[in-house]
file work.cif (mmCIF, C-alpha atoms)
data_coords
loop_
_atom_site.label_atom_id
_atom_site.label_comp_id
_atom_site.auth_asym_id
_atom_site.auth_seq_id
_atom_site.Cartn_x
_atom_site.Cartn_y
_atom_site.Cartn_z
CA MET A 182 5.19 122.08 -116.83
CA TYR A 183 8.28 120.69 -115.19
CA ASP A 184 11.58 121.14 -116.95
CA GLN A 185 13.94 118.74 -115.22
CA GLN A 186 17.60 119.37 -115.94
CA ASN A 187 19.58 116.69 -117.74
CA THR A 188 21.85 115.89 -114.83
CA THR A 189 23.97 112.78 -115.33
CA VAL A 190 25.42 110.58 -112.63
CA ASP A 191 28.61 108.57 -112.98
CA PRO A 192 27.43 104.94 -113.19
CA ASP A 193 30.62 103.85 -111.39
CA SER A 194 30.13 106.30 -108.55
CA SER A 195 29.97 104.86 -105.05
CA ASP A 196 27.58 107.64 -104.07
CA ILE A 197 24.56 105.79 -105.37
CA GLY A 198 21.33 105.62 -103.46
CA SER A 199 18.91 102.77 -103.17
CA ARG A 200 15.17 102.74 -102.97
CA ILE A 201 13.71 102.57 -99.48
CA ASP A 202 10.32 101.90 -97.97
CA PRO A 203 7.96 104.57 -99.38
CA VAL A 204 6.53 105.00 -95.87
CA LEU A 205 9.88 106.54 -94.91
CA ALA A 206 10.88 107.98 -98.29
CA ARG A 207 12.21 111.53 -98.18
CA SER A 208 13.23 112.41 -101.77
CA TRP A 209 10.69 111.71 -104.52
CA LEU A 210 12.47 112.36 -107.81
CA LEU A 211 10.32 113.24 -110.81
CA VAL A 212 11.76 112.16 -114.15
CA ASN A 213 10.38 113.31 -117.51
CA GLY A 214 8.75 110.24 -119.04
CA ALA A 215 9.33 111.49 -122.57
CA GLN A 216 13.12 111.41 -122.09
CA TYR A 217 14.11 107.79 -121.61
CA GLU A 218 17.80 108.64 -121.40
CA ARG A 219 17.17 110.25 -118.02
CA PHE A 220 15.75 107.13 -116.41
CA ALA A 221 19.06 105.36 -115.70
CA PRO A 222 20.80 108.43 -114.21
CA ALA A 223 17.76 108.94 -111.99
CA ALA A 224 17.90 105.32 -110.85
CA ARG A 225 21.56 105.78 -109.93
CA SER A 226 20.83 108.95 -107.95
CA ARG A 227 20.36 109.40 -104.23
CA ALA A 228 16.57 109.40 -104.66
CA ASP A 229 14.61 107.38 -102.14
CA ILE A 230 11.86 106.96 -104.74
CA VAL A 231 12.05 107.49 -108.51
CA VAL A 232 8.77 108.74 -110.03
CA LEU A 233 8.56 108.51 -113.82
CA ASP A 234 6.40 111.45 -114.84
CA ILE A 235 3.90 111.07 -117.68
CA GLU A 236 1.74 113.96 -116.49
CA ASP A 237 2.89 117.56 -116.07
CA ALA A 238 6.35 117.09 -117.59
CA VAL A 239 4.97 115.71 -120.87
CA ALA A 240 3.22 117.61 -123.66
CA PRO A 241 -0.08 116.12 -124.84
CA LYS A 242 1.42 115.03 -128.16
CA ASP A 243 4.10 113.04 -126.33
CA LYS A 244 1.88 111.29 -123.76
CA VAL A 245 1.63 107.97 -125.59
CA ALA A 246 5.36 107.81 -126.29
CA ALA A 247 6.15 108.65 -122.65
CA ARG A 248 3.83 105.90 -121.46
CA GLU A 249 5.59 103.41 -123.74
CA ASN A 250 8.95 104.51 -122.33
CA VAL A 251 7.71 103.84 -118.82
CA LEU A 252 6.35 100.41 -119.72
CA ARG A 253 9.67 99.46 -121.34
CA TRP A 254 11.59 100.61 -118.25
CA LEU A 255 9.34 98.77 -115.79
CA ALA A 256 9.65 95.57 -117.78
CA THR A 257 13.46 95.49 -117.74
CA GLU A 258 15.75 94.49 -114.93
CA SER A 259 19.45 93.68 -115.12
CA ASP A 260 22.81 94.68 -113.66
CA ASP A 261 23.21 97.18 -116.48
CA HIS A 262 19.70 98.51 -116.01
CA PRO A 263 19.25 99.93 -112.50
CA GLY A 264 15.76 100.61 -111.25
CA GLY A 265 12.94 99.47 -113.45
CA PRO A 266 10.57 97.16 -111.57
CA GLY A 267 9.39 98.87 -108.41
CA ASP A 268 9.77 102.45 -109.61
CA TRP A 269 6.77 104.75 -109.32
CA VAL A 270 4.81 106.63 -111.99
CA ARG A 271 3.02 109.95 -111.86
CA VAL A 272 -0.13 109.41 -113.90
CA ASN A 273 -2.50 111.90 -115.43
CA GLY A 274 -5.41 113.12 -113.34
CA PHE A 275 -8.87 111.59 -113.14
CA GLY A 276 -11.07 112.95 -115.93
CA THR A 277 -8.24 113.67 -118.36
CA PRO A 278 -8.12 111.85 -121.72
CA TRP A 279 -5.11 109.83 -120.56
CA TRP A 280 -6.06 108.69 -117.05
CA ALA A 281 -7.79 105.41 -117.96
CA ASP A 282 -5.16 104.42 -120.53
CA ASP A 283 -2.36 105.15 -118.05
CA LEU A 284 -3.90 102.85 -115.46
CA ASP A 285 -4.78 100.11 -117.93
CA ALA A 286 -1.18 100.11 -119.15
CA LEU A 287 0.25 99.94 -115.63
CA ALA A 288 -2.15 97.27 -114.37
CA THR A 289 0.03 94.41 -115.61
CA THR A 290 3.41 95.91 -114.68
CA SER A 291 5.59 95.79 -111.58
CA VAL A 292 5.01 99.47 -110.81
CA GLY A 293 5.85 100.29 -107.20
CA GLY A 294 3.08 102.85 -106.84
CA VAL A 295 1.47 105.81 -108.54
CA MET A 296 1.38 109.51 -107.81
CA LEU A 297 -2.07 110.66 -108.92
CA ALA A 298 -2.14 114.24 -110.18
CA MET A 299 -4.81 116.86 -109.49
CA VAL A 300 -6.74 114.97 -106.82
CA GLU A 301 -9.86 116.93 -105.86
CA SER A 302 -12.18 114.32 -104.41
CA VAL A 303 -12.38 110.87 -102.86
CA ASP A 304 -13.64 109.43 -106.15
CA HIS A 305 -10.39 110.34 -107.90
CA VAL A 306 -8.50 108.02 -105.54
CA THR A 307 -11.06 105.25 -105.19
CA GLU A 308 -11.62 104.93 -108.94
CA THR A 309 -7.86 104.77 -109.47
CA ALA A 310 -7.55 102.14 -106.73
CA LYS A 311 -10.22 100.01 -108.41
CA ARG A 312 -8.13 99.85 -111.58
CA LEU A 313 -4.86 99.32 -109.70
CA PRO A 314 -5.73 97.16 -106.69
CA ASP A 315 -2.99 96.79 -104.10
CA VAL A 316 -0.91 99.56 -105.69
CA PRO A 317 -0.16 102.43 -103.26
CA ILE A 318 -1.39 105.84 -104.35
CA VAL A 319 0.14 109.18 -103.42
CA ALA A 320 -2.66 111.73 -103.75
CA LEU A 321 -1.18 114.92 -105.21
CA VAL A 322 -3.46 117.75 -104.08
CA GLU A 323 -2.90 120.89 -106.15
CA THR A 324 -6.00 123.08 -105.96
CA ALA A 325 -8.19 124.95 -103.49
CA ARG A 326 -10.97 122.47 -104.21
CA GLY A 327 -8.67 119.58 -103.31
CA LEU A 328 -7.45 121.28 -100.14
CA GLU A 329 -11.02 121.81 -98.95
CA ARG A 330 -11.56 118.05 -99.22
CA ILE A 331 -8.16 116.91 -98.02
CA SER A 332 -9.42 115.17 -94.87
CA GLU A 333 -11.79 113.02 -96.95
CA ILE A 334 -9.06 112.36 -99.55
CA ALA A 335 -6.68 111.25 -96.79
CA THR A 336 -9.17 108.65 -95.56
CA ALA A 337 -10.09 107.38 -99.03
CA LYS A 338 -9.51 103.71 -99.67
CA GLY A 339 -6.26 103.55 -101.60
CA THR A 340 -4.62 106.75 -100.36
CA PHE A 341 -1.11 105.91 -99.20
CA ARG A 342 0.39 109.38 -98.69
CA LEU A 343 -0.55 112.98 -99.45
CA ALA A 344 1.62 115.31 -101.54
CA PHE A 345 1.38 119.08 -101.95
CA GLY A 346 1.41 120.36 -105.54
CA ILE A 347 2.53 123.85 -104.64
CA GLY A 348 2.93 125.42 -108.08
CA ASP A 349 -0.52 124.56 -109.33
CA PHE A 350 -1.98 125.46 -105.94
CA ARG A 351 -0.41 128.91 -106.13
CA ARG A 352 -1.68 129.37 -109.67
CA ASP A 353 -5.15 128.31 -108.60
CA THR A 354 -5.30 130.54 -105.54
CA GLY A 355 -3.05 133.46 -106.46
CA PHE A 356 -0.98 132.91 -103.30
CA GLY A 357 2.60 134.15 -103.12
CA ASP A 358 5.73 132.21 -102.23
CA ASN A 359 6.24 133.35 -98.63
CA PRO A 360 6.18 130.39 -96.21
CA ALA A 361 3.69 132.25 -94.01
CA THR A 362 1.30 132.49 -96.95
CA LEU A 363 1.25 128.72 -97.38
CA ALA A 364 1.35 127.90 -93.67
CA TYR A 365 -2.36 127.12 -93.51
CA ALA A 366 -2.19 124.82 -96.53
CA ARG A 367 0.85 122.92 -95.28
CA SER A 368 -0.73 122.56 -91.86
CA ARG A 369 -3.85 121.05 -93.43
CA PHE A 370 -1.72 118.40 -95.17
CA THR A 371 0.06 117.41 -91.98
CA ILE A 372 -3.09 117.35 -89.84
CA ALA A 373 -5.10 115.39 -92.43
CA ALA A 374 -2.34 112.80 -92.80
CA LYS A 375 -1.95 112.38 -89.06
CA ALA A 376 -5.69 112.12 -88.44
CA ALA A 377 -5.99 109.44 -91.14
CA HIS A 378 -2.99 107.49 -89.74
CA LEU A 379 -1.00 108.00 -92.94
CA PRO A 380 2.73 108.58 -93.19
CA SER A 381 3.52 112.29 -93.07
CA ALA A 382 2.87 114.37 -96.16
CA ILE A 383 5.26 115.06 -99.04
CA ASP A 384 6.08 118.71 -99.72
CA GLY A 385 6.35 120.23 -103.18
CA PRO A 386 9.59 120.82 -105.10
CA THR A 387 12.08 123.67 -105.13
CA VAL A 388 13.11 125.12 -108.49
CA GLY A 389 16.89 125.33 -108.79
CA SER A 390 19.57 123.39 -106.99
CA GLY A 391 21.34 126.06 -104.97
CA ALA A 392 22.44 124.46 -101.70
CA LEU A 393 21.28 127.31 -99.49
CA LYS A 394 17.90 127.66 -101.19
CA LEU A 395 17.26 123.94 -101.02
CA SER A 396 18.35 123.78 -97.38
CA GLU A 397 16.02 126.63 -96.45
CA ALA A 398 13.10 125.11 -98.34
CA THR A 399 13.61 121.71 -96.77
CA ALA A 400 13.76 123.34 -93.33
CA VAL A 401 10.30 124.77 -94.03
CA SER A 402 9.03 121.26 -94.83
CA VAL A 403 10.42 119.99 -91.53
CA GLU A 404 8.89 122.90 -89.62
CA PHE A 405 5.46 121.86 -90.86
CA GLY A 406 5.92 118.19 -90.06
CA MET A 407 6.35 117.05 -93.66
CA THR A 408 8.76 114.15 -94.06
CA GLY A 409 9.05 113.90 -97.85
CA LYS A 410 9.79 116.33 -100.66
CA ILE A 411 9.42 116.19 -104.42
CA CYS A 412 12.73 116.69 -106.26
CA LEU A 413 13.19 117.88 -109.85
CA THR A 414 16.82 116.87 -110.46
CA PRO A 415 19.01 114.03 -109.17
CA ASP A 416 21.39 116.44 -107.44
CA GLN A 417 18.57 117.72 -105.22
CA CYS A 418 18.06 114.31 -103.61
CA ALA A 419 21.07 114.11 -101.31
CA PRO A 420 20.50 117.54 -99.69
CA VAL A 421 16.79 116.80 -99.29
CA ASN A 422 17.56 113.43 -97.71
CA GLU A 423 19.93 115.09 -95.28
CA GLY A 424 17.48 117.86 -94.44
CA LEU A 425 14.66 115.39 -93.76
CA SER A 426 16.79 113.01 -91.70
CA PRO A 427 17.50 113.36 -87.98
CA SER A 428 20.12 116.08 -87.45
CA PRO A 429 23.37 115.60 -85.49
CA ASP A 430 21.81 117.56 -82.64
CA ASP A 431 18.73 115.31 -82.72
CA ILE A 432 20.83 112.15 -82.57
CA SER A 433 23.04 113.51 -79.78
CA TRP A 434 20.03 114.57 -77.76
CA ALA A 435 18.36 111.16 -78.14
CA ARG A 436 21.47 109.28 -77.08
CA GLU A 437 22.09 111.60 -74.13
CA PHE A 438 18.47 111.33 -73.03
CA PHE A 439 18.55 107.53 -72.95
CA ALA A 440 21.91 107.58 -71.17
CA ASP A 441 20.49 109.88 -68.49
CA PHE A 442 17.31 107.83 -68.29
CA GLU A 443 19.23 104.61 -67.71
CA ARG A 444 21.47 106.24 -65.13
CA ASP A 445 18.33 107.22 -63.21
CA GLY A 446 17.20 103.60 -63.12
CA GLY A 447 15.19 103.42 -66.35
CA GLU A 448 11.92 104.24 -64.59
CA ILE A 449 9.46 106.95 -65.54
CA ARG A 450 10.41 110.00 -63.48
CA ASN A 451 7.79 112.56 -64.46
CA GLY A 452 5.12 113.36 -67.04
CA SER A 453 7.62 114.54 -69.62
CA ASP A 454 9.47 111.24 -69.84
CA LEU A 455 6.94 109.39 -72.00
CA PRO A 456 6.87 111.96 -74.84
CA ARG A 457 10.66 112.27 -74.62
CA ILE A 458 11.06 108.50 -74.86
CA ALA A 459 8.78 108.46 -77.91
CA ARG A 460 10.71 111.29 -79.57
CA ALA A 461 14.13 109.82 -78.83
CA THR A 462 13.05 106.37 -80.03
CA LYS A 463 11.72 107.81 -83.28
CA ILE A 464 14.91 109.78 -83.90
CA LEU A 465 17.16 106.76 -83.41
CA ASP A 466 14.86 104.46 -85.40
CA LEU A 467 14.92 106.89 -88.33
CA ALA A 468 18.67 107.35 -88.08
CA ARG A 469 19.07 103.57 -88.37
CA ALA A 470 16.54 103.33 -91.21
CA TYR A 471 18.36 106.04 -93.16
CA ALA A 472 21.79 104.72 -92.14
CA VAL A 473 22.89 108.13 -90.87
CA THR A 474 25.12 109.01 -87.95
CA GLU A 475 26.37 112.27 -86.49
CA SER A 476 29.60 111.90 -88.46
CA ASP A 477 27.67 111.89 -91.76
CA TYR A 478 26.98 115.61 -91.42
CA GLU A 479 29.33 118.47 -92.09
CA VAL A 480 27.95 121.18 -89.88
CA ASP A 481 28.63 124.81 -90.78
CA PRO A 482 28.25 126.72 -87.49
CA GLY A 483 27.98 129.98 -89.38
CA HIS A 484 24.91 128.93 -91.33
CA ALA A 485 21.51 129.25 -89.78
CA SER A 486 18.54 127.97 -91.73
CA ALA A 487 16.11 130.68 -92.76
CA PRO A 488 12.56 130.13 -93.94
CA SER A 489 11.85 130.05 -97.64
CA ASP A 490 9.13 128.58 -99.80
CA THR A 491 9.16 125.96 -102.49
CA TYR A 492 7.31 126.12 -105.76
CA HIS A 493 7.36 124.66 -109.21
CA TYR A 494 6.39 125.87 -112.64
#
call {"tool": "encode", "arguments": {"input": "work.cif", "output": "structure tokens"}}
result
Amino acid sequence: MYDQQNTTVDPDSSDIGSRIDPVLARSWLLVNGAQYERFAPAARSRADIVVLDIEDAVAPKDKVAARENVLRWLATESDDHPGGPGDWVRVNGFGTPWWADDLDALATTSVGGVMLAMVESVDHVTETAKRLPDVPIVALVETARGLERISEIATAKGTFRLAFGIGDFRRDTGFGDNPATLAYARSRFTIAAKAAHLPSAIDGPTVGSGALKLSEATAVSVEFGMTGKICLTPDQCAPVNEGLSPSPDDISWAREFFADFERDGGEIRNGSDLPRIARATKILDLARAYAVTESDYEVDPGHASAPSDTYHY
């Protein structure tokens, strides 16, 4: 089960994030639903999306209390109460004793969306969508059985994005933590999402908050085309956001490409121009959406990203 650290954030800090469109969201911060005191610090963090967790982080005996905490949070909105309406919830998986009660409780709230745990078939998503119509669902695939059906899950009515539950997947399969070992699985997520016209998949979390480890793990996510990442503590969100945003080199390249293109008359010159235009446009659009510029990055020329894997426990 997750054991999120009790990281507090200065409520007067200017370094406070704001929720963004979940289509573009990079950092998905899980917050233990049984610990209400962590909700406000999470809301003041750099998380793109706050996900109140009433599944893996919560012991069975605390499930009802955690659900009540979430309902209280979602029902409250004020200047002294950041977040609340619009935050997401990770609910218990289809077939568990808590799934139906979780959805019934959330049906009348202002929940922004749900992350559905242990998705293994289309029915898990469609039955959830029936109980929560018009609520976006992130399908958290965490087993070999789920991975084998990921293309169908991606196209299920109600699926909004896919997320990789790495820890449970490794437990289920016996796989190790080398990025090469999980390359096939990550590739399946990215391909299934793209084929179903979904936003890119969300990668699993990294245990620990070491800057180098988190940077390496996020670089692995990028390498496999994943544009989101689950975070376990508020202080992981800013580095993940940076790692999943266009880099200074990306932004420079895009600007230089368009400058060269315009100097050449703004007409298609060869077969490589169209894909380059698409790439440069996407880079600059994302940079604007995330409000990042080249000057936002402090580049360490002596640090080269190395591959690592992410996992949770």
call {"tool": "resolve_selection", "arguments": {"input": "work.cif", "expression": "the PyMOL selection byres ((chain A and resi 414-423) around 6)", "output": "count of residues only"}}
result
12
call {"tool": "atom_distance", "arguments": {"input": "work.cif", "atom1": "atom CA of A:Thr408", "atom2": "atom CA of A:Ser332"}}
result
18.2 Å
call {"tool": "closest_residue", "arguments": {"input": "work.cif", "among": "A:Leu252, A:Thr340, A:Arg352, A:Asp430", "to": "A:Thr289", "atoms": "all atoms listed in the file"}}
result
A:Leu252
call {"tool": "closest_residue", "arguments": {"input": "work.cif", "among": "A:Pro241, A:Trp254, A:Ala247, A:Thr324", "to": "A:Phe220", "atoms": "only C-alpha atoms"}}
result
A:Trp254
call {"tool": "resolve_selection", "arguments": {"input": "work.cif", "expression": "the PyMOL selection byres ((chain A and resi 303-318) around 9)", "output": "PDB file with C-alpha atoms, in the frame of the given file"}}
result
ATOM      1  CA  GLY A 274      -5.410 113.120-113.340  1.00  0.00           C
ATOM      2  CA  PHE A 275      -8.870 111.590-113.140  1.00  0.00           C
ATOM      3  CA  GLY A 276     -11.070 112.950-115.930  1.00  0.00           C
ATOM      4  CA  TRP A 280      -6.060 108.690-117.050  1.00  0.00           C
ATOM      5  CA  ALA A 281      -7.790 105.410-117.960  1.00  0.00           C
ATOM      6  CA  LEU A 284      -3.900 102.850-115.460  1.00  0.00           C
ATOM      7  CA  ASP A 285      -4.780 100.110-117.930  1.00  0.00           C
ATOM      8  CA  LEU A 287       0.250  99.940-115.630  1.00  0.00           C
ATOM      9  CA  ALA A 288      -2.150  97.270-114.370  1.00  0.00           C
ATOM     10  CA  VAL A 292       5.010  99.470-110.810  1.00  0.00           C
ATOM     11  CA  GLY A 293       5.850 100.290-107.200  1.00  0.00           C
ATOM     12  CA  GLY A 294       3.080 102.850-106.840  1.00  0.00           C
ATOM     13  CA  VAL A 295       1.470 105.810-108.540  1.00  0.00           C
ATOM     14  CA  MET A 296       1.380 109.510-107.810  1.00  0.00           C
ATOM     15  CA  LEU A 297      -2.070 110.660-108.920  1.00  0.00           C
ATOM     16  CA  MET A 299      -4.810 116.860-109.490  1.00  0.00           C
ATOM     17  CA  VAL A 300      -6.740 114.970-106.820  1.00  0.00           C
ATOM     18  CA  GLU A 301      -9.860 116.930-105.860  1.00  0.00           C
ATOM     19  CA  SER A 302     -12.180 114.320-104.410  1.00  0.00           C
ATOM     20  CA  VAL A 319       0.140 109.180-103.420  1.00  0.00           C
ATOM     21  CA  ALA A 320      -2.660 111.730-103.750  1.00  0.00           C
ATOM     22  CA  ARG A 330     -11.560 118.050 -99.220  1.00  0.00           C
ATOM     23  CA  ILE A 331      -8.160 116.910 -98.020  1.00  0.00           C
ATOM     24  CA  GLU A 333     -11.790 113.020 -96.950  1.00  0.00           C
ATOM     25  CA  ILE A 334      -9.060 112.360 -99.550  1.00  0.00           C
ATOM     26  CA  ALA A 335      -6.680 111.250 -96.790  1.00  0.00           C
ATOM     27  CA  THR A 336      -9.170 108.650 -95.560  1.00  0.00           C
ATOM     28  CA  ALA A 337     -10.090 107.380 -99.030  1.00  0.00           C
ATOM     29  CA  LYS A 338      -9.510 103.710 -99.670  1.00  0.00           C
ATOM     30  CA  GLY A 339      -6.260 103.550-101.600  1.00  0.00           C
ATOM     31  CA  THR A 340      -4.620 106.750-100.360  1.00  0.00           C
ATOM     32  CA  PHE A 341      -1.110 105.910 -99.200  1.00  0.00           C
ATOM     33  CA  ARG A 342       0.390 109.380 -98.690  1.00  0.00           C
ATOM     34  CA  LEU A 343      -0.550 112.980 -99.450  1.00  0.00           C
TER      35      LEU A 343
END
